[in-house]
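**Q** Handing you a structure now.
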Amino acid sequence: MKVTIDGIEIDVPKGTTILQAARMIGPEVAPPAMCYYSKLKTTGGYCRTCIVKVTQGSTANPNPMPKPVASCRTEVMDGMVVENYTNNDVLEARKGVVEFLLINHPLDCPVCDQAGECKLQDLGYENGSAKTRYEFKRREYEMIDIGDKIKLHMNRCILCYRCVKTAEQITDGRVHGVIHRGDAAEISTYIEKVIDNDFSGNVIDVCPVGALTDRTFRFKQRVWFTKPVDAHRNCDKCSGKTRVWLKGEEVVRVTARKDQWDEVEEFICNSCRYDHKKTSDWVIEGPSPIHRSSVISQNHYQNLNELKVNILKQQKALGFIPFDKKP
Amino acid sequence: MGRKLLIQNDKVPGIETLAVYKAHGGYASVEKALKSMTPDQVTEEVKKSGLRGRGGAGFPTGMKWSFLAKPEGVPRYLVCNADESEPGTFKDRYLMEKIPHALIEGMITSSYALGANQSYIYIRGEYFYVSRILETAIAEAYAAGLLGKNILGTNYSLELSVQVGGGAYICGEETALLESLEGKRGNPRIKPPFPAVAGLWGCPTVVNNVETIAAVCPIVMMGGEEYAKIGIGKSTGTKLISASGHINKPGVYEIELGVPVEEFIYSEEYCGGIRNGKKLKAVVAGGSSVPILPTELILKTAKGEPRLMTYESLADGGFQTGTMLGSGGFIVMDEDTSIVKNLFTFSRFYHHESCGQCSPCREGTGWMEKILKKFLNGTANESDVDLLWDIQSKIEGKTICPLGEAAAWPVAAAIRHFKHEFIEIAKNKKFVDISHYERLNKIRV
């Protein structure tokens with residue numbers, strides 16, 4: 001199936017979503033995604049940051065789709081033409097979504113452990129505006145301890161449902177979900193019931209923001225002062241392939257390895273994550289490849305700017321002027 | 001006097017009982033369909049009739065039915081959407097309360113056409129007393145052999161059950177309704193797949209409004225072509241309108257589609273004019289989510305033609321100068337009404353009812369309510385009008401389900417047609433009493 005995204009054509013197998021096709025082309029056309037997670041089923045469609053405009057449905061039915069669609073949940077059709085960074089409606093709508101996600105976010109990055117590897121920070125940097133138009137009190141919740149290892153900070157949550165899907169699909173016996181509705185909706189374990197099974201820690205890794213953090217790592221260290229290395233150990237519960245974050249000789253935390261799109265490659269067990277915090281527990285393979293979504297990558301903002309330059313090039317080649325650049 | 005097909009017998013004493021209902025020609029369509037027609041013939045009649053969904057969207061029912069996937073060995077379901085929650089709409093309640101058998105008759109005939117052997121009526125939690133009326137009627141129908149195995153001695157069997165919801169507006173959205181019916185949290189599903197392919201428990205499902213299903217009975221009895229002669233153009237048949245607001249005779253009226261709006265508001269047969277001799281200010285023609293229109297645009301289209309109660313005529317001019325027939329919740333406002341205060345009520349409702357799944361609706365509806373509250377307590381600035389406009393434009397069309405649009409349209413329309421009222425309040429910092437809402441907010445937790 002041939003699909004054209006921002007003027008670049010690619011051949012993809014049937015059943016591929018627009019987002020996956022765009023990721024195959026590369027980051028210069030891939031829409032940002034806050035809730036979609038390729039490793040989990042039925043994720044996506046909630047955050048609306050990945051919306052794109054389909055200007056031609058398919059070769060058979062060349063009509064455009066009337067509304068912008070969530071690229072993570074829309075499968076490509078043969079001959080589909082998609083506009084992402086080259087459509088002003090999309091850019092404006094995305095800016096709106098970022099604004100919506102931020103109006104009730106506490107913006108407490110200076111004291112948030114996620115800072116430096118936060119998807120919302122990146123999203124805000126790339127698509128948001130510097131000022132807020134929201135003048136009301138932000139939503140507040142009490143912090144919740146989910147067991148002795150996980151901290152839930154609902155103030156920061158963007159309700160992406162990733163942790164709910166993780167609990168549903170990776171761990172057995174889901175004990176947490178979403179309660180209440182509308183802007184009062186919150187992730188909850190039904191009166192702070194402990195999530196108690198071997199893979200519960202993965203909810204921390206899938207969380208795009210600082211809503212779920214590792215209590216064994218909280219306030220220990222800024223991520224950009226630590227050195228991530230790929231390591232492994234023999235584990236009878238999971239593959240044992242992890243990313244170990246070092247500060248000097250000390251293991252400050254253990255997470256799953258993440259790919260280019262900041263998604264976990266293989267989910268790891270709690271024993272690897274929490275209980276093996278000595279260098280001698282691990283066989284260290286070498287420095288981890290760190291991708292653009294982390295400030296600890298060298299020249300993070302330079303990388304982002306390079307990406308912006310690439311997007312601009314493509315926009316220029318198509319003769320497109322973004323709404324905020326119009327004279 | 002227009003023809004009535006649905007509620008012509010609503011004043012007959014005892015019509016809620018099977019005996020009286022049958023004596024007035026009830027269940028004739030079941031007899032006719034099951035004994036002398038094939039399911040496809042029934043569908044064909046519905047197609048010919050041009051019947052359109054009465055829940056709000058106005059999608060052709062026959063076409064919806066023909067989209068239903070029919071794989072071998074997989075059950076199909078018909079679900080009746082009785083989760084009538086759109087503010088200003090109360091026609092389904094009236095129909096179910098007065099003539100419950102009309103819905104059950106329609107359910108049997110429609111289920112037969114679709115080949116469903118299990119059907120559900122999903123009714124909103126606030127209508128618990130109506131659910132009891134329906135259950136009594138269903139028990140009567142079972143006892144008379146109209147439901148259950150081998151209905152009227154034919155090979156067709158149907159089980160019909162009533163499910164009471166928890167009272168959430170969002171469960172009127174068909175996929176949220178199905179989730180709720182399955183016993184889950186009432187969150188809308190992401191489409192595709194559409195319910196016609198994978199609906200209730202992953203099986204092909206048709207979800208229809210109460211009035212749509214009830215309208216199938218007269219269609220089967222009189223024939224689709226005859227039914228299509230009522231009304232104008234693509235707006236065929238009769239429609240129940242729930243009229244409310246500052247009119248002399250609020251209530252449920254059955255109209256032949258095509259009645260002029262002016263006649264509907266002022267004639268003695270229908271609303272009977274504006275209360276206390278006041279002047280008309282604005283009308284919300286199809287339930288709170290459709291755009292509000294000022295007097296000059298609701299009585300006449302932008303082209304100067306009289307506006308009629310049809311899907312097309314009300315939508316004439318798009319959202320710039322038109323509105324929608326929607327669910328038929330006809331809310332009339334007189335000259336003393338504050339559009340801003342009214343809009344706050346609507347926005348407060350949509351904020352409260354947002355399911356919280358997708359970001360624009362979850363965050364945007366609350367934001368709009370908060371800004372509108374500023375207008376009510378006299379702290380708003382003129383720039384807030386533009387901000388409201390911007391927020392609604394960023395919600396509309398960007399959400400999973402139509403609730404986002406339902407929340408955005410009234411805001412857009414109020415600003416489009418009554419911007420001067422917002423500006424006036426912002427300029428004068430005029431205080432409007434909001435004690436009523438403060439009390440409500442306290443109850444709301």
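We name chains A, B, ... following the order of the structure tokens; residues begin at 1 in each chain, and ligands are numbered from 1 as shown.
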Show me, as a ChimeraX atom specification, the residues that have an atom within 6 Å of Gly224 in chain B when counting only C-alpha atoms, minus same-chain residues fewer than 5 positions from it.
**A** /B:45-46,48-49,219
**Q** Limited to N, CA and C atoms, could you put the picked residues into a file as an mmCIF file, in the first residue's frame?
**A**
```cif
data_model
loop_
_atom_site.group_PDB
_atom_site.id
_atom_site.type_symbol
_atom_site.label_atom_id
_atom_site.label_comp_id
_atom_site.auth_asym_id
_atom_site.auth_seq_id
_atom_site.Cartn_x
_atom_site.Cartn_y
_atom_site.Cartn_z
ATOM 1 N N GLU B 45 -38.747 -1.832 3.034
ATOM 2 C CA GLU B 45 -39.795 -0.839 3.307
ATOM 3 C C GLU B 45 -39.226 0.339 4.095
ATOM 4 N N VAL B 46 -38.380 0.025 5.062
ATOM 5 C CA VAL B 46 -37.784 1.099 5.873
ATOM 6 C C VAL B 46 -36.906 1.986 4.995
ATOM 7 N N LYS B 48 -37.314 2.471 1.752
ATOM 8 C CA LYS B 48 -38.208 3.267 0.895
ATOM 9 C C LYS B 48 -38.818 4.426 1.659
ATOM 10 N N SER B 49 -39.056 4.193 2.954
ATOM 11 C CA SER B 49 -39.740 5.222 3.735
ATOM 12 C C SER B 49 -38.886 6.467 3.919
ATOM 13 N N ILE B 219 -44.534 2.307 9.433
ATOM 14 C CA ILE B 219 -43.946 2.108 8.102
ATOM 15 C C ILE B 219 -44.336 0.735 7.558
#
```
**Q** Can you tell me, as a list of chain:residue names, what residues are no more than 10 Å from Asp275 in chain A when counting only C-alpha atoms, ignoring any on the same chain fewer than 3 positions away?
**A** A:Thr216, A:Arg253, A:Val254, A:Asn270, A:Ser271, A:Cys272, A:Lys278, A:Asp281
**Q** Pull the strand (DSSP E) assignments for range 316-432 of chain B out of DSSP run on the backbone, and list those residues as a list of chain:residue names.
**A**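 Of range 316-432 of chain B, only B:Gly329, B:Phe330, B:Ile331, B:Val332, B:Met333, B:Asp334 fall in strand (DSSP E).
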**Q** Show me, as a list in words, every residue of chain B with an atom at most 8 Å from chain A, counting only C-alpha atoms.
**A** Ile190, His351, His352, Glu353, Ser354, Cys355, Gly356, Gln357, Cys358, Ser359, Pro360, Arg362, Glu363, Gly364, Gly366, Trp367, Lys370, Ile391, Lys394, Gly397, Lys398, Thr399 and Ile400 of chain B
**Q** Go ahead and save the picked residues with C-alpha atoms, as a tab-separated table (two decimals), in the first residue's frame.
**A**
```tsv
chain	number	residue	atom	x	y	z
B	190	ILE	CA	-12.56	4.60	18.98
B	351	HIS	CA	-18.26	19.90	31.54
B	352	HIS	CA	-20.00	17.69	34.07
B	353	GLU	CA	-20.79	15.01	31.49
B	354	SER	CA	-17.45	14.81	29.68
B	355	CYS	CA	-16.09	11.30	30.10
B	356	GLY	CA	-12.50	12.48	30.35
B	357	GLN	CA	-11.02	10.16	27.78
B	358	CYS	CA	-9.58	12.60	25.29
B	359	SER	CA	-7.80	15.79	26.20
B	360	PRO	CA	-9.61	18.55	24.27
B	362	ARG	CA	-11.77	16.83	29.24
B	363	GLU	CA	-9.83	20.05	29.70
B	364	GLY	CA	-11.63	22.36	27.29
B	366	GLY	CA	-14.11	22.85	32.12
B	367	TRP	CA	-12.13	25.80	30.90
B	370	LYS	CA	-14.88	28.69	34.17
B	391	ILE	CA	-11.13	27.19	22.82
B	394	LYS	CA	-9.87	23.73	19.26
B	397	GLY	CA	-13.84	18.01	15.47
B	398	LYS	CA	-10.78	16.96	17.44
B	399	THR	CA	-12.39	14.55	19.87
B	400	ILE	CA	-13.19	10.84	19.83
```
**Q** Could you state the separation of CA of Glu83 in chain A and CA of Gln56 in chain A in Å, given to one decimal place?
**A**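 These two atoms are separated by 9.6 Å.
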**Q** At what distance in Å, to one decimal, does CA of Ile18 in chain A lie from CA of Asp262 in chain A?
**A**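 Straight-line distance from CA of Asp262 in chain A to CA of Ile18 in chain A works out to 18.3 Å.
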**Q** Could you list, as JSON, numbers by chain, every residue within 8 Å of Lys239 in chain B, counting only C-alpha atoms and ignoring same-chain residues fewer than 4 positions away?
**A** {"B": [54, 254, 255, 256, 257, 328]}
**Q** Give me the residues of range 271-371 of chain B that have any atom at most 8 Å from an atom of range 413-421 of chain B; for each, the nearest atom pair and the distance in Å, rounded to one decimal. Use only C-alpha atoms, sort by chain and number, and format it as a tab-separated table.
**A**
```
residue	atom	partner	partner_atom	distance
B:Pro291	CA	B:Ala413	CA	5.0
B:Ile292	CA	B:Ala413	CA	5.7
B:Leu293	CA	B:His417	CA	7.1
B:Pro294	CA	B:His417	CA	6.9
B:Phe319	CA	B:Ala413	CA	7.7
B:Gln320	CA	B:Arg416	CA	7.8
B:Ile339	CA	B:Ala414	CA	7.0
B:Val340	CA	B:Glu421	CA	7.2
B:Leu343	CA	B:Ala414	CA	7.3
```
**Q** Would you save the residues of that selection, restricted to N, CA and C atoms, as a PDB file, in the first residue's frame?
**A**
```pdb
ATOM      1  N   PRO B 291     -26.697  24.659  17.437  1.00  0.00           N
ATOM      2  CA  PRO B 291     -26.512  26.109  17.525  1.00  0.00           C
ATOM      3  C   PRO B 291     -27.815  26.855  17.803  1.00  0.00           C
ATOM      4  N   ILE B 292     -27.728  27.838  18.665  1.00  0.00           N
ATOM      5  CA  ILE B 292     -28.864  28.697  18.975  1.00  0.00           C
ATOM      6  C   ILE B 292     -29.049  29.682  17.817  1.00  0.00           C
ATOM      7  N   LEU B 293     -30.303  30.022  17.520  1.00  0.00           N
ATOM      8  CA  LEU B 293     -30.549  30.995  16.454  1.00  0.00           C
ATOM      9  C   LEU B 293     -31.422  32.125  16.972  1.00  0.00           C
ATOM     10  N   PRO B 294     -31.099  33.367  16.598  1.00  0.00           N
ATOM     11  CA  PRO B 294     -31.956  34.495  16.972  1.00  0.00           C
ATOM     12  C   PRO B 294     -33.240  34.500  16.145  1.00  0.00           C
ATOM     13  N   PHE B 319     -23.655  26.359   9.637  1.00  0.00           N
ATOM     14  CA  PHE B 319     -23.679  26.866  11.005  1.00  0.00           C
ATOM     15  C   PHE B 319     -23.566  28.385  11.051  1.00  0.00           C
ATOM     16  N   GLN B 320     -23.290  29.013   9.905  1.00  0.00           N
ATOM     17  CA  GLN B 320     -23.217  30.473   9.893  1.00  0.00           C
ATOM     18  C   GLN B 320     -24.576  31.064  10.212  1.00  0.00           C
ATOM     19  N   ILE B 339     -28.604  35.216  27.255  1.00  0.00           N
ATOM     20  CA  ILE B 339     -27.978  34.153  26.467  1.00  0.00           C
ATOM     21  C   ILE B 339     -26.718  33.655  27.168  1.00  0.00           C
ATOM     22  N   VAL B 340     -26.015  34.584  27.826  1.00  0.00           N
ATOM     23  CA  VAL B 340     -24.770  34.213  28.494  1.00  0.00           C
ATOM     24  C   VAL B 340     -25.054  33.247  29.645  1.00  0.00           C
ATOM     25  N   LEU B 343     -26.005  29.963  28.261  1.00  0.00           N
ATOM     26  CA  LEU B 343     -24.834  29.250  27.746  1.00  0.00           C
ATOM     27  C   LEU B 343     -24.025  28.657  28.885  1.00  0.00           C
TER      28      LEU B 343
END
```
**Q** Which residue is closest to Asp384 in chain B? Choose from B:Lys427, B:Ala408, B:Trp65, B:Ser244 and count only C-alpha atoms.
**A** B:Lys427
**Q** Closest to Ser119 in chain B among B:Leu147, B:Cys361, B:Ile232, B:Leu160, using only C-alpha atoms?
**A** B:Leu160
